[in-house]
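Peer 1: Handing you a structure now.
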Amino acid sequence: MSSGPRKKALLKVIILGDSGVGKTSLMNQYVNKRFSNQYKATIGADFLTKDVMIDDRLVTMQIWDTAGQERFQSLGVAFYRGADCCVLAYDVTNSTSFKNLDSWRDEFLIQANPRDPDHFPFVLLGNKMDLEQNRAVSSKRAQTWCQSKNNIPYFEVSAKEALNVESAFQAIARDALARESQDSQDFPDFPDQIRLDPNQNNRQQGGGCNC
Amino acid sequence: MSSGIATLLSIPASTSAPGEASHSDLQALKDQANMSMPQIELPEEEPIEESALDRLSHYPYQVFVLSEYGRPIYVSCGQEDQLCAFFALIGVFVNRVRHNGDMLNSISSKDLHAHFLFRKPLILCIVSKRRDQLRSQLEVLFNQILSTISRKQLETIYEKRGDNYDLRRLLGGTNKYMDGSLSSWHYDLAQISSAIRVLPMEAADRNALSTTLVNSITSANVEGMLFAVVLAHRQIVCLSRLKKHLLDHKDLSLIINLVSNTSTIADAAIWTPICLPFFNDSGFLHAYISSLWENSPAHLVLLSVDRNTLKDLHLIKEDFCAKIQSSPKILNSFEAAVTSPQSFSPSNIGTGSEMLWHFLYRNISSRQICLSASRPPFIGQEERVLLTRSASRVYDILRSVDGIRQIFVRNKKEVLYVKAEDRYELQCVLSPFCSPTMASILGDRLLKALKTYEGRYFITHVPSF
Ligand SMILES: Nc1nc2c(ncn2[C@@H]2O[C@H](COP(=O)(O)OP(=O)(O)O)[C@@H](O)[C@H]2O)c(=O)[nH]1
Ligand SMILES: [Mg+2]
């Protein structure tokens, strides 16, 4: 057994937040460089994948999107589990979507049950920054919230105007990758020697043709 | 029923040039697939997944292994990286059904069949143009994975390392064994019948060989020495074991897979940990594998529980080799059996034998099979492939429909006769002019002849030390 050449990393990224904050738009903007004004309720789970270069490493980002709490319950824990990063998104023009961030974060931690919840990588995106005139949540307020959660990185973005989206997702990938390489010890402890119990295995081995 | 099996076997009109029954069935399929499928250079904006999925449709089958939460681990065509989304989709299918308290087993369309096997923390999936033995293929592949990572390690690794752990880091370098496990279903009747094949050899010669092996083991007296296997061409020559310990045929077939997919044994002995899940699924044995003489297709496998016994096992092998080299009788019979194996010839059954073209006998309790020597019309590679497929479908039917005792199918070019009893299963391919009564008479004659030559074609005694 040898770990061989380094495999291309796959990062499972979950994007959570209230319905309407622009999660699907962000994902589409990032992956397809497209923006559709049509509101499209997502059915269950949806994901898009995109290959990106992070420094000198090729990485596949797989971004999982939902449509509001009630619906993605149908997929259960499998949706959250195995995530490398969780992106929380809110709408800077909608303060309720900001207030709900706590419950999204808790929901994620309960369902995903990560190994080290205090240091699990979250990223906060404040979307719709193109609608500055309607802003309801100040940058300051968002940053304070992030600091209180172990310094979650914060980005203000616009899926519509493609502002900051690329760099936010790059940062997400870089952060998740950094964690991956911290986990270097790959081989589990070699198990203890098998103890031969003469009674463990005494089925009769039938011989021959028996016909 | 009959409509389902009427097409079990159909011999092509042309019988191609005589050729060794070979492993190249799958290779041919692969080559075919490769030919029409040059490496695609993906343009920047093109969604990668689509081209990768296109690529899949060229294959007769594809097998996927992923973590419970959709992370790619293995795909039989390679480059699992390009199929992340497809893996995730398989995970969503399985998990969605599981979330509803149920289990997704299979999805079938007219000409494509998908089978799913959930073995926490892994999901295995096969998509195939054929429908037979899909589940068995996944189960055997799972055993293959367990032979690298014990069940105990597998069950705890995600707890220790997190659900996002990339299991490829532990399985690195073992893809060829997974490939080998899957491809064996396309040429090896032992795999298809979930049994092992014994290399034909006179009983006295086989006993002499296994006695010599036991002597070498006993005189070395190595603490922890457990099993010894001599094999050639994926067939068992002889076995021996530590008293009160038995080697399951499924574990034996993992050993066969290991040996036949390790190309370096010809140059040097191999020393590797291996978990034999039917012996003990939480620990490892340590296998010493070596060929028995230069360029020999025969290999000796010694298994010990102690990982510090490499030198001792090497000495056992040296001693065993020295002993057979010094006994011309043992050496000659052994070499002859290995270099020109004499399979059971239908002429052994006397009159009517010209009607019996091919048979596969499987003993249910010993899990040993006996195959007829190849004879026209089953000598070309194409015909061997058809036989293999037919056998696979017969087993599929025998396993999925209870209580079938006999099957008689008359095709245009041959007759297929199957007899299943509690102790054995017999599949015969006969001349198209054979009547059901005649098939049954020939079958009985064959069974009698097999009994007479039992010691030659089966291992009836496994000496212990
Ligand atoms: N002005 C503006 N509208 C946006 C932006 N992102 C999304 N939207 C709109 O917000 C609505 C909800 O977006 P959607 O992506 O479906 O949200 P989701 O429910 O979180 O997936 C749609 O009408 C989008 O067009 C943005 O950055 N700026
Ligand atoms: Mg949406």
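A note on labels: chains of the structure tokens are A, B, ... as shown, every chain counts residues from 1, and ligands are counted from 1 in their shown order.
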Can you check which residues of range 69-150 of chain A DSSP gives as alpha helix (DSSP H) on the backbone and send them as a ChimeraX atom specification?

Peer 2: /A:69-72,77-80,95-99,101-112,139-148

Peer 1: Tell me which protein, DNA and RNA residues are within 12 Å of Arg57 in chain A, counting only C-alpha atoms, leaving out same-chain ones fewer than 2 positions away, and put them as a ChimeraX atom specification.

Peer 2: /A:6-10,51-55,59-60,173-174,177-178,181

Peer 1: For a test of reading the model, state the distance in Å between CA of Asn150 in chain A and CA of Leu163 in chain A, rounded to one decimal.

Peer 2: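 A separation of 25.6 Å between them.
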
Peer 1: What does the structure give for the distance between CA of Phe465 in chain B and CA of Thr218 in chain B, in Å to one decimal?

Peer 2: 6.3 Å

Peer 1: Which of these, B:Gly380, B:Gly455, B:Gly78, B:Pro436, has the shortest distance to chain A once you count only C-alpha atoms?

Peer 2: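 Closest to chain A of all the choices is B:Gly455.
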
Peer 1: Step one, run DSSP on the backbone; step two, keep only residues of range 7-203 of chain A assigned to strand (DSSP E or B); then write them as a ChimeraX atom specification.

Peer 2: /A:9-16,46-54,57-65,85-91,122-127,154-156,158,163

Peer 1: So how many Å separate CA of Val77 in chain A and CA of Ser150 in chain B, to one decimal?

Peer 2: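 Between these atoms lies a distance of 25.9 Å.
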
Peer 1: For Trp185 in chain B, please output as a list of chain:residue names all residues within 9 Å (counting only C-alpha atoms; exclusion window: fewer than 4 positions along the same chain).

Peer 2: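 Final neighbour list, sorted by chain and number: B:Gln133, B:Gln137, B:Ser181, B:Leu189, B:Ala190, B:Gln191, B:Ile192, B:Thr388, B:Ser392.
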
Peer 1: Counting only C-alpha atoms and all ligand atoms, which of A:Lys23, A:Lys149, A:Lys140, A:Lys50 gets nearest to ligand 2?

Peer 2: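 The shortest atom-to-atom distance to ligand 2 comes from A:Lys23.
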